[in-house]
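Shown next: entry_36.pdb, containing PDB, C-alpha atoms and all ligand atoms.
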```
ATOM      1  CA  MET A   1      62.198 113.539 110.298
ATOM      2  CA  LYS A   2      64.482 111.329 108.220
ATOM      3  CA  GLU A   3      67.285 113.915 108.158
ATOM      4  CA  GLU A   4      66.891 114.467 111.905
ATOM      5  CA  LEU A   5      67.284 110.754 112.577
ATOM      6  CA  PHE A   6      70.325 110.540 110.305
ATOM      7  CA  ASP A   7      71.850 113.477 112.212
ATOM      8  CA  THR A   8      71.112 111.814 115.562
ATOM      9  CA  ILE A   9      72.713 108.511 114.504
ATOM     10  CA  ARG A  10      75.718 110.256 112.983
ATOM     11  CA  GLY A  11      76.126 112.535 116.005
ATOM     12  CA  ALA A  12      75.901 109.628 118.460
ATOM     13  CA  LEU A  13      78.567 107.680 116.542
ATOM     14  CA  GLU A  14      80.821 110.724 116.485
ATOM     15  CA  LYS A  15      80.370 111.036 120.278
ATOM     16  CA  LEU A  16      81.117 107.311 120.652
ATOM     17  CA  ASP A  17      77.685 106.887 122.251
ATOM     18  CA  ARG A  18      76.862 103.235 121.567
ATOM     19  CA  GLU A  19      73.417 103.256 123.206
ATOM     20  CA  GLY A  20      72.516 106.449 121.355
ATOM     21  CA  VAL A  21      73.448 104.899 118.007
ATOM     22  CA  LEU A  22      71.537 101.675 118.633
ATOM     23  CA  GLU A  23      68.452 103.444 120.000
ATOM     24  CA  SER A  24      68.170 105.940 117.148
ATOM     25  CA  LEU A  25      68.904 103.192 114.652
ATOM     26  CA  SER A  26      65.955 101.112 115.979
ATOM     27  CA  LYS A  27      63.792 104.216 115.773
ATOM     28  CA  ALA A  28      64.823 104.816 112.162
ATOM     29  CA  LEU A  29      64.008 101.204 111.241
ATOM     30  CA  TYR A  30      60.667 101.507 113.026
ATOM     31  CA  GLU A  31      59.945 104.642 110.956
ATOM     32  CA  GLY A  32      60.470 102.557 107.814
ATOM     33  CA  ILE A  33      63.856 103.967 106.805
ATOM     34  CA  THR A  34      65.846 101.331 104.917
ATOM     35  CA  PRO A  35      69.092  99.876 106.323
ATOM     36  CA  GLU A  36      70.855 100.946 103.083
ATOM     37  CA  GLU A  37      69.913 104.591 103.716
ATOM     38  CA  ILE A  38      70.945 104.395 107.382
ATOM     39  CA  ILE A  39      74.346 102.980 106.396
ATOM     40  CA  THR A  40      74.967 105.474 103.591
ATOM     41  CA  GLU A  41      73.474 108.643 105.030
ATOM     42  CA  ALA A  42      74.289 108.228 108.719
ATOM     43  CA  LEU A  43      76.826 105.563 109.710
ATOM     44  CA  SER A  44      79.315 105.902 106.833
ATOM     45  CA  LYS A  45      79.277 109.690 107.173
ATOM     46  CA  GLY A  46      79.871 109.363 110.934
ATOM     47  CA  MET A  47      82.852 107.053 110.287
ATOM     48  CA  ASP A  48      84.184 109.567 107.729
ATOM     49  CA  THR A  49      84.194 112.235 110.443
ATOM     50  CA  ILE A  50      85.930 109.857 112.871
ATOM     51  CA  GLY A  51      88.534 109.151 110.160
ATOM     52  CA  ARG A  52      89.061 112.855 109.491
ATOM     53  CA  ARG A  53      89.447 113.653 113.194
ATOM     54  CA  PHE A  54      91.922 110.805 113.516
ATOM     55  CA  ASP A  55      93.867 112.099 110.494
ATOM     56  CA  GLU A  56      93.924 115.574 112.069
ATOM     57  CA  GLY A  57      95.203 114.231 115.400
ATOM     58  CA  GLU A  58      92.011 115.077 117.326
ATOM     59  CA  LEU A  59      91.204 111.412 118.011
ATOM     60  CA  PHE A  60      93.492 108.524 118.884
ATOM     61  CA  LEU A  61      93.529 104.804 118.110
ATOM     62  CA  PRO A  62      91.493 103.657 121.183
ATOM     63  CA  GLN A  63      88.668 106.049 120.225
ATOM     64  CA  VAL A  64      88.729 104.884 116.603
ATOM     65  CA  LEU A  65      88.584 101.330 117.899
ATOM     66  CA  MET A  66      85.527 102.219 120.011
ATOM     67  CA  ALA A  67      83.812 103.762 116.988
ATOM     68  CA  SER A  68      84.660 100.626 114.974
ATOM     69  CA  LYS A  69      83.044  98.400 117.624
ATOM     70  CA  ILE A  70      79.882 100.537 117.635
ATOM     71  CA  MET A  71      79.845 100.340 113.841
ATOM     72  CA  ASP A  72      80.157  96.521 114.035
ATOM     73  CA  ASP A  73      77.192  96.309 116.439
ATOM     74  CA  ALA A  74      75.079  98.582 114.250
ATOM     75  CA  MET A  75      76.002  96.642 111.110
ATOM     76  CA  ALA A  76      75.050  93.332 112.797
ATOM     77  CA  ILE A  77      71.504  94.633 113.379
ATOM     78  CA  LEU A  78      71.184  96.141 109.916
ATOM     79  CA  SER A  79      72.648  93.110 108.101
ATOM     80  CA  GLU A  80      70.119  90.852 109.774
ATOM     81  CA  ARG A  81      67.318  93.160 108.638
ATOM     82  CA  MET A  82      68.707  93.308 105.087
ATOM     83  CA  ASN A  83      68.769  89.528 104.839
ATOM     84  CA  GLU A  84      65.172  89.113 105.978
ATOM     85  CA  GLY A  85      62.965  87.702 103.259
ATOM     86  CA  SER A  86      65.867  87.008 100.938
ATOM     87  CA  THR A  87      65.098  84.013  98.775
ATOM     88  CA  ASP A  88      67.361  81.121  97.851
ATOM     89  CA  HIS A  89      67.596  82.537  94.379
ATOM     90  CA  HIS A  90      70.760  84.625  94.154
ATOM     91  CA  ARG A  91      71.743  86.877  91.306
ATOM     92  CA  ALA A  92      75.416  85.865  91.371
ATOM     93  CA  ILE A  93      78.198  84.858  93.752
ATOM     94  CA  VAL A  94      80.745  87.420  94.968
ATOM     95  CA  VAL A  95      83.854  86.609  97.029
ATOM     96  CA  MET A  96      84.773  89.539  99.291
ATOM     97  CA  GLY A  97      87.771  90.234 101.505
ATOM     98  CA  THR A  98      90.347  92.757 102.687
ATOM     99  CA  VAL A  99      93.767  92.216 101.116
ATOM    100  CA  SER A 100      96.934  90.750 102.680
ATOM    101  CA  GLY A 101      98.467  92.784 105.480
ATOM    102  CA  ASP A 102      95.353  94.898 106.041
ATOM    103  CA  ILE A 103      92.937  94.412 108.932
ATOM    104  CA  HIS A 104      90.510  97.265 108.111
ATOM    105  CA  ASP A 105      87.169  95.633 107.447
ATOM    106  CA  ILE A 106      84.404  98.143 108.232
ATOM    107  CA  GLY A 107      84.085  99.339 104.627
ATOM    108  CA  LYS A 108      84.281  95.783 103.308
ATOM    109  CA  ASN A 109      81.528  94.769 105.768
ATOM    110  CA  VAL A 110      79.359  97.625 104.508
ATOM    111  CA  CYS A 111      79.820  96.367 100.932
ATOM    112  CA  VAL A 112      79.042  92.787 102.008
ATOM    113  CA  ALA A 113      75.791  93.914 103.685
ATOM    114  CA  MET A 114      74.769  95.992 100.665
ATOM    115  CA  LEU A 115      75.434  93.109  98.257
ATOM    116  CA  LYS A 116      73.535  90.611 100.412
ATOM    117  CA  GLY A 117      70.667  93.086 100.679
ATOM    118  CA  ALA A 118      70.616  93.213  96.875
ATOM    119  CA  ARG A 119      70.299  89.379  96.712
ATOM    120  CA  TYR A 120      73.881  88.494  95.893
ATOM    121  CA  GLU A 121      75.409  85.464  97.566
ATOM    122  CA  VAL A 122      78.542  86.701  99.299
ATOM    123  CA  ILE A 123      81.450  84.584 100.484
ATOM    124  CA  ASP A 124      83.106  86.820 103.071
ATOM    125  CA  LEU A 125      86.731  85.828 103.651
ATOM    126  CA  GLY A 126      87.331  88.490 106.311
ATOM    127  CA  ASN A 127      90.535  90.499 106.426
ATOM    128  CA  ASP A 128      94.232  89.900 105.678
ATOM    129  CA  VAL A 129      93.334  87.561 102.800
ATOM    130  CA  SER A 130      96.124  86.297 100.538
ATOM    131  CA  PRO A 131      95.694  86.282  96.737
ATOM    132  CA  GLU A 132      95.837  82.467  96.830
ATOM    133  CA  ASP A 133      92.960  82.291  99.319
ATOM    134  CA  PHE A 134      90.865  84.612  97.143
ATOM    135  CA  VAL A 135      91.524  82.354  94.133
ATOM    136  CA  LYS A 136      90.797  79.165  96.119
ATOM    137  CA  SER A 137      87.361  80.516  97.078
ATOM    138  CA  VAL A 138      86.538  81.668  93.568
ATOM    139  CA  VAL A 139      87.223  78.141  92.319
ATOM    140  CA  GLU A 140      85.473  76.410  95.228
ATOM    141  CA  TYR A 141      82.274  78.473  94.901
ATOM    142  CA  SER A 142      82.433  79.105  91.120
ATOM    143  CA  ALA A 143      82.186  82.783  91.972
ATOM    144  CA  ASP A 144      81.263  85.383  89.353
ATOM    145  CA  ALA A 145      83.167  88.242  90.963
ATOM    146  CA  VAL A 146      85.834  89.075  93.523
ATOM    147  CA  GLY A 147      85.804  92.269  95.596
ATOM    148  CA  ALA A 148      88.991  93.248  97.415
ATOM    149  CA  SER A 149      89.300  96.121  99.845
ATOM    150  CA  SER A 150      92.490  97.955 100.800
ATOM    151  CA  LEU A 151      92.606 100.858 103.267
ATOM    152  CA  MET A 152      96.313 101.569 103.335
ATOM    153  CA  THR A 153      98.678 102.875 100.664
ATOM    154  CA  THR A 154     101.082 100.150 101.829
ATOM    155  CA  THR A 155      98.604  97.343 101.043
ATOM    156  CA  LEU A 156      97.297  98.728  97.744
ATOM    157  CA  ILE A 157      99.968  96.649  95.995
ATOM    158  CA  SER A 158      98.151  93.505  97.239
ATOM    159  CA  GLN A 159      95.286  94.389  94.873
ATOM    160  CA  LYS A 160      97.761  94.278  91.992
ATOM    161  CA  ASN A 161      99.124  90.942  93.261
ATOM    162  CA  LEU A 162      95.582  89.585  93.344
ATOM    163  CA  VAL A 163      95.023  90.454  89.662
ATOM    164  CA  LYS A 164      98.342  88.797  88.798
ATOM    165  CA  THR A 165      97.554  85.642  90.788
ATOM    166  CA  MET A 166      94.074  85.393  89.252
ATOM    167  CA  GLN A 167      95.592  85.666  85.775
ATOM    168  CA  GLU A 168      98.189  82.997  86.589
ATOM    169  CA  PHE A 169      95.437  80.610  87.659
ATOM    170  CA  GLY A 170      93.296  81.452  84.617
ATOM    171  CA  CYS A 171      90.601  82.729  86.944
ATOM    172  CA  ASN A 172      88.255  84.955  84.952
ATOM    173  CA  ALA A 173      85.871  86.175  87.661
ATOM    174  CA  LEU A 174      85.266  89.929  87.625
ATOM    175  CA  LYS A 175      87.842  91.831  89.686
ATOM    176  CA  LEU A 176      86.451  94.743  91.725
ATOM    177  CA  PHE A 177      88.408  96.990  94.027
ATOM    178  CA  GLY A 178      87.817  99.699  96.595
ATOM    179  CA  GLY A 179      88.996 101.337  99.811
ATOM    180  CA  ALA A 180      90.154 104.852 100.656
ATOM    181  CA  PRO A 181      93.511 104.961  98.771
ATOM    182  CA  CYS A 182      92.075 103.102  95.742
ATOM    183  CA  SER A 183      90.863 104.953  92.633
ATOM    184  CA  GLU A 184      89.415 104.386  89.177
ATOM    185  CA  GLU A 185      92.836 105.104  87.613
ATOM    186  CA  TRP A 186      94.601 102.657  89.938
ATOM    187  CA  VAL A 187      92.129  99.884  89.146
ATOM    188  CA  GLU A 188      92.512 100.504  85.437
ATOM    189  CA  SER A 189      96.314 100.454  85.738
ATOM    190  CA  ILE A 190      96.343  97.038  87.458
ATOM    191  CA  GLY A 191      93.881  95.442  85.039
ATOM    192  CA  GLY A 192      90.856  95.351  87.355
ATOM    193  CA  ASP A 193      87.282  95.439  86.052
ATOM    194  CA  GLY A 194      85.704  98.009  88.317
ATOM    195  CA  TYR A 195      86.042 100.518  91.142
ATOM    196  CA  SER A 196      83.511 102.148  93.410
ATOM    197  CA  SER A 197      83.922 104.571  96.303
ATOM    198  CA  ASN A 198      81.019 103.271  98.382
ATOM    199  CA  GLY A 199      78.818 100.256  99.081
ATOM    200  CA  ARG A 200      75.697 101.520  97.347
ATOM    201  CA  ASP A 201      77.568 102.187  94.094
ATOM    202  CA  MET A 202      79.305  98.829  94.387
ATOM    203  CA  VAL A 203      75.928  97.105  94.019
ATOM    204  CA  LEU A 204      75.176  99.132  90.879
ATOM    205  CA  LEU A 205      78.644  98.324  89.529
ATOM    206  CA  VAL A 206      78.218  94.583  90.105
ATOM    207  CA  ASP A 207      74.700  94.691  88.586
ATOM    208  CA  ARG A 208      76.072  96.356  85.467
ATOM    209  CA  LEU A 209      79.141  94.128  85.052
ATOM    210  CA  ILE A 210      77.260  90.878  85.726
ATOM    211  CA  ASP A 211      74.586  91.839  83.174
ATOM    212  CA  LYS A 212      77.288  92.672  80.626
ATOM    213  CA  LYS A 213      79.108  89.382  81.296
ATOM    214  CA  SER A 214      75.974  87.313  80.724
ATOM    215  CA  GLU A 215      75.020  89.092  77.469
TER     216      GLU A 215
HETATM  217  C1  LIG A 301      88.705 102.574 111.579
HETATM  218  C2  LIG A 301      90.191 102.639 111.298
HETATM  219  C3  LIG A 301      91.000 101.707 111.946
HETATM  220  C4  LIG A 301      90.451 100.610 112.861
HETATM  221  C5  LIG A 301      89.982  99.440 111.956
HETATM  222  C6  LIG A 301      88.835  98.657 112.530
HETATM  223  C7  LIG A 301      88.233  97.736 111.511
HETATM  224  N1  LIG A 301      87.670  96.655 112.028
HETATM  225  O1  LIG A 301      88.238  97.977 110.311
HETATM  226  C8  LIG A 301      91.717 100.254 113.710
HETATM  227  C9  LIG A 301      91.743 101.166 114.921
HETATM  228  C10 LIG A 301      91.830  98.795 114.175
HETATM  229  C11 LIG A 301      92.827 100.675 112.734
HETATM  230  C12 LIG A 301      94.087 100.143 112.746
HETATM  231  C13 LIG A 301      95.123 100.614 111.954
HETATM  232  N2  LIG A 301      95.091 101.680 111.105
HETATM  233 CO1  LIG A 301      93.422 102.556 110.580
HETATM  234  N3  LIG A 301      92.021 103.674 110.112
HETATM  235  C14 LIG A 301      90.740 103.628 110.403
HETATM  236  C15 LIG A 301      90.024 104.864 109.786
HETATM  237  C16 LIG A 301      89.944 105.929 110.887
HETATM  238  C17 LIG A 301      88.627 104.674 109.204
HETATM  239  C18 LIG A 301      88.465 103.553 108.162
HETATM  240  C19 LIG A 301      86.985 103.207 108.028
HETATM  241  O2  LIG A 301      86.507 102.256 108.632
HETATM  242  N4  LIG A 301      86.218 104.031 107.278
HETATM  243  C20 LIG A 301      84.747 103.900 107.158
HETATM  244  C21 LIG A 301      84.335 102.958 106.007
HETATM  245  C22 LIG A 301      82.811 102.870 105.917
HETATM  246  O3  LIG A 301      84.826 103.539 104.799
HETATM  247  P1  LIG A 301      85.832 102.774 103.823
HETATM  248  O4  LIG A 301      86.639 101.802 104.577
HETATM  249  O5  LIG A 301      86.541 103.772 102.986
HETATM  250  O6  LIG A 301      84.863 101.900 102.886
HETATM  251  C23 LIG A 301      83.991 102.425 101.885
HETATM  252  C24 LIG A 301      84.642 102.625 100.514
HETATM  253  O7  LIG A 301      86.044 102.792 100.562
HETATM  254  C25 LIG A 301      84.186 101.437  99.683
HETATM  255  N5  LIG A 301      84.951 100.177  99.737
HETATM  256  C26 LIG A 301      85.668  99.657 100.753
HETATM  257  N6  LIG A 301      86.123  98.453 100.425
HETATM  258  C27 LIG A 301      85.696  98.175  99.184
HETATM  259  C28 LIG A 301      85.896  97.045  98.359
HETATM  260  C29 LIG A 301      85.355  97.045  97.075
HETATM  261  C30 LIG A 301      85.566  95.844  96.224
HETATM  262  C31 LIG A 301      84.622  98.166  96.607
HETATM  263  C32 LIG A 301      84.099  98.167  95.214
HETATM  264  C33 LIG A 301      84.401  99.274  97.432
HETATM  265  C34 LIG A 301      84.954  99.273  98.712
HETATM  266  O8  LIG A 301      82.899 101.184 100.215
HETATM  267  C35 LIG A 301      82.947 101.321 101.650
HETATM  268  C36 LIG A 301      81.578 101.600 102.197
HETATM  269  O9  LIG A 301      80.970 102.750 101.669
HETATM  270  C37 LIG A 301      91.050 105.253 108.652
HETATM  271  C38 LIG A 301      91.054 106.742 108.264
HETATM  272  C39 LIG A 301      90.369 107.045 106.982
HETATM  273  N7  LIG A 301      90.242 108.314 106.731
HETATM  274  O10 LIG A 301      89.989 106.164 106.198
HETATM  275  C40 LIG A 301      92.388 104.816 109.292
HETATM  276  C41 LIG A 301      93.558 104.436 108.384
HETATM  277  C42 LIG A 301      93.082 103.630 107.191
HETATM  278  N8  LIG A 301      94.371 103.606 109.267
HETATM  279  C43 LIG A 301      95.643 103.763 109.098
HETATM  280  C44 LIG A 301      96.666 103.060 109.811
HETATM  281  C45 LIG A 301      98.097 103.479 109.523
HETATM  282  C46 LIG A 301      96.354 102.022 110.717
HETATM  283  C47 LIG A 301      97.335 101.184 111.551
HETATM  284  C48 LIG A 301      98.622 100.742 110.837
HETATM  285  C49 LIG A 301      97.605 102.015 112.806
HETATM  286  C50 LIG A 301      98.697 101.600 113.712
HETATM  287  N9  LIG A 301      99.641 102.527 113.851
HETATM  288  O11 LIG A 301      98.664 100.516 114.259
HETATM  289  C51 LIG A 301      96.460  99.970 111.939
HETATM  290  C52 LIG A 301      96.393  98.902 110.811
HETATM  291  C53 LIG A 301      96.987  97.619 111.043
HETATM  292  C54 LIG A 301      96.795  96.752 109.787
HETATM  293  N10 LIG A 301      97.754  95.913 109.542
HETATM  294  O12 LIG A 301      95.840  96.822 109.049
HETATM  295  C55 LIG A 301      95.951 104.829 108.039
HETATM  296  C56 LIG A 301      96.476 104.256 106.736
HETATM  297  C57 LIG A 301      97.561 105.139 106.167
HETATM  298  C58 LIG A 301      98.090 104.604 104.892
HETATM  299  N11 LIG A 301      99.262 104.061 104.891
HETATM  300  O13 LIG A 301      97.443 104.672 103.886
HETATM  301  C59 LIG A 301      94.572 105.591 107.951
HETATM  302  C60 LIG A 301      94.276 106.216 106.582
HETATM  303  C61 LIG A 301      94.630 106.699 109.043
HETATM  304  C62 LIG A 301      95.761 107.689 108.840
HETATM  305  N12 LIG A 301      95.528 108.793 108.151
HETATM  306  O14 LIG A 301      96.847 107.461 109.312
HETATM  307  N13 LIG A 301      92.361 101.619 111.856
END
```

Spell out the structure here as structure tokens.
Ligand code: B12
Amino acid sequence: MKEELFDTIRGALEKLDREGVLESLSKALYEGITPEEIITEALSKGMDTIGRRFDEGELFLPQVLMASKIMDDAMAILSERMNEGSTDHHRAIVVMGTVSGDIHDIGKNVCVAMLKGARYEVIDLGNDVSPEDFVKSVVEYSADAVGASSLMTTTLISQKNLVKTMQEFGCNALKLFGGAPCSEEWVESIGGDGYSSNGRDMVLLVDRLIDKKSE
């Protein structure tokens, strides 16, 4: 039943069928499937297929844009559900954003939803965020961690600039990075604290690093 619903949601997203996605998503929630599972097992996999088809020249920008809009609508419903019942007591504060020059924010939004669902307070700066704006928010909110997403090889360098700017300002919040062209090795080479390839693992990563920091 669960697998069938995941397939239906994924298939509808791949066919750019907005109503189909939203209907099957409501059904999945009604059946008691968690938003985290729906995001990881259905929506993210559907977006991966869209990305692959785009890379292979089977889909074009307007279709990717349509898929992105459907994803936004689905995430709005799921985020609301994930925030239900969350208490005022947060585990830590995380500033999130997509780096300078990059407008891709679907993956970042997935991470934001996952973190909020796991009771982190998230300051979401959106996309195309300069290193200075990241630092300003860390100071303003006394944030424990910064998460910066980059989806293009051309904007990966902005992650390095962020580490440099944080060091210049003596900002010692944890520095976490992700996005398709990012990797464990890259993060290590720029002096970051952690990398994860998906939203669910990002929560585990933050849990682990925050616990370690407060030891
Ligand atoms: C959707 C999409 C778009 C949408 C973006 C909509 C939006 N609101 O985000 C639109 C159509 C607008 C778009 C525009 C462009 N795009 Co585009 N796009 C994509 C596409 C198909 C999918 C990306 C996506 O959403 N994936 C789904 C999400 C769920 O996955 P994700 O982002 O990887 O996120 C997960 C993990 O990476 C991780 N993660 C993400 N962030 C973070 C952060 C932290 C801290 C951590 C720990 C983890 C983490 O967790 C996430 C959730 O599980 C990719 C192809 C691909 N294969 O990635 C191209 C792609 C990224 N785009 C590309 C390009 C070139 C562009 C354009 C320049 C196109 C153009 N010619 O105008 C513009 C960008 C303009 C700009 N300045 O940014 C290229 C980049 C190539 C490169 N240089 O590396 C790609 C790779 C396609 C390609 N092969 O050519 N794009």

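The shell of residues at most 8 Å from region 29-35 of chain A, with all atoms listed in the file counted and near chain neighbours (fewer than 5 positions) removed, consists of Lys2, Leu78, Ser79, Arg81 and Met82 of chain A.
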
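Those residues returned by the PyMOL selection byres (((chain A and resi 8-20) around 9) and not hetatm) for this file are Glu3, Glu4, Leu5, Phe6, Asp7, Val21, Leu22, Glu23, Ser24, Leu25, Ile38, Glu41, Ala42, Leu43, Ser44, Lys45, Gly46, Met47, Thr49, Ile50, Gln63, Val64, Met66, Ala67, Lys69, Ile70, Met71, Asp73 and Ala74 of chain A.
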
Between atom N1 of ligand LIG 301 (chain A) and CA of Thr153 (chain A), distance in Å (one decimal): 17.0 Å

Local residues around (88.0, 96.3, 85.6), at most 12 Å away, using all atoms listed in the file, as JSON, numbers by chain: {"A": [145, 146, 147, 159, 160, 163, 172, 173, 174, 175, 176, 177, 178, 183, 184, 185, 186, 187, 188, 189, 190, 191, 192, 193, 194, 195, 196, 205, 206, 208, 209]}

Any chance you could tabulate, as a Markdown table, the residues of chain A at most 6 Å from ligand LIG 301 (chain A) with each one's nearest atom pair and distance in Å to one decimal, using all atoms listed in the file, in chain and rising number order?
```
| residue | atom | partner | partner_atom | distance |
| --- | --- | --- | --- | --- |
| A:Ser44 | CA | A:LIG301 | C22 | 4.7 |
| A:Met47 | CA | A:LIG301 | C20 | 4.8 |
| A:Asp48 | CA | A:LIG301 | C20 | 5.7 |
| A:Ile50 | CA | A:LIG301 | C16 | 6.0 |
| A:Gly51 | CA | A:LIG301 | C16 | 3.6 |
| A:Arg52 | CA | A:LIG301 | N7 | 5.4 |
| A:Phe54 | CA | A:LIG301 | C16 | 5.9 |
| A:Asp55 | CA | A:LIG301 | N12 | 4.4 |
| A:Leu61 | CA | A:LIG301 | C9 | 5.2 |
| A:Val64 | CA | A:LIG301 | C9 | 5.1 |
| A:Leu65 | CA | A:LIG301 | C9 | 4.3 |
| A:Ser68 | CA | A:LIG301 | C6 | 5.2 |
| A:Gly101 | CA | A:LIG301 | N10 | 5.2 |
| A:Asp102 | CA | A:LIG301 | O12 | 3.6 |
| A:Ile103 | CA | A:LIG301 | O12 | 3.8 |
| A:His104 | CA | A:LIG301 | O1 | 3.2 |
| A:Asp105 | CA | A:LIG301 | O1 | 3.9 |
| A:Ile106 | CA | A:LIG301 | O1 | 4.4 |
| A:Gly107 | CA | A:LIG301 | O6 | 3.2 |
| A:Lys108 | CA | A:LIG301 | N6 | 4.3 |
| A:Val110 | CA | A:LIG301 | C36 | 5.1 |
| A:Cys111 | CA | A:LIG301 | C36 | 5.7 |
| A:Gly147 | CA | A:LIG301 | C30 | 3.6 |
| A:Ala148 | CA | A:LIG301 | C30 | 4.5 |
| A:Ser149 | CA | A:LIG301 | C28 | 3.8 |
| A:Leu151 | CA | A:LIG301 | C42 | 4.8 |
| A:Met152 | CA | A:LIG301 | O13 | 3.3 |
| A:Thr153 | CA | A:LIG301 | O13 | 3.9 |
| A:Thr154 | CA | A:LIG301 | N11 | 5.3 |
| A:Leu176 | CA | A:LIG301 | C30 | 4.7 |
| A:Phe177 | CA | A:LIG301 | C30 | 3.8 |
| A:Gly178 | CA | A:LIG301 | C33 | 3.5 |
| A:Gly179 | CA | A:LIG301 | O7 | 3.4 |
| A:Ala180 | CA | A:LIG301 | O5 | 4.4 |
| A:Tyr195 | CA | A:LIG301 | C32 | 5.1 |
| A:Ser196 | CA | A:LIG301 | C32 | 4.4 |
| A:Ser197 | CA | A:LIG301 | C25 | 4.6 |
| A:Asn198 | CA | A:LIG301 | O9 | 3.3 |
| A:Gly199 | CA | A:LIG301 | O9 | 4.2 |
| A:Met202 | CA | A:LIG301 | C32 | 4.9 |
```

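Ranking A:Asp133, A:Ser150, A:Arg53, A:Val203 by their shortest atom-to-atom distance to Met166 (chain A), with all atoms listed in the file included, puts A:Asp133 first.
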
Interatomic distance (Å, one decimal) between CA of Asp144 (chain A) and CA of Glu37 (chain A): 26.5 Å

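Selection around (73.4, 89.3, 97.4) with radius 9 Å, counting all atoms listed in the file, yields the residues Asn83, Ser86, His90, Arg91, Ala92, Ile93, Val94, Val112, Ala113, Met114, Leu115, Lys116, Gly117, Ala118, Arg119, Tyr120, Glu121, Val122 and Val203 of chain A.
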
Closest of A:Asp124, A:Glu80, A:Glu140, A:Glu132 to Ser100 (chain A) - atom-to-atom distances counting all atoms listed in the file: A:Glu132

Of the listed residues A:Met1, A:Val99, A:Ala143, A:Ile123, that which approaches Lys27 (chain A) most closely, counting all atoms listed in the file: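 Among the listed residues, the smallest separation from Lys27 (chain A) belongs to A:Met1.
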
Atom pair CA of Gly57 (chain A) / CA of Met75 (chain A): separation (Å):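 Going from CA of Gly57 (chain A) over to CA of Met75 (chain A), I get 26.4 Å.
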
Which residue of A:Thr165, A:Asn109, A:Cys171, A:Thr98 approaches Pro131 (chain A) most closely, using all atoms listed in the file: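 Between A:Thr165, A:Asn109, A:Cys171, A:Thr98, the residue approaching Pro131 (chain A) most closely is A:Thr165.
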
Given 3 Å of margin on each side, can you work out the centre and size in Å (one decimal) of an axis-aligned box holding every listed atom of region 119-135 of chain A, as JSON?
```
{"center_x": 83.2, "center_y": 86.4, "center_z": 100.3, "size_x": 31.8, "size_y": 14.2, "size_z": 18.3}
```

Picked residues, the PyMOL selection byres (((chain A and resi 134) around 8) and not hetatm), expected as an MDAnalysis selection string: chainID A and resid 95 97 125 129:133 135:138 146 162
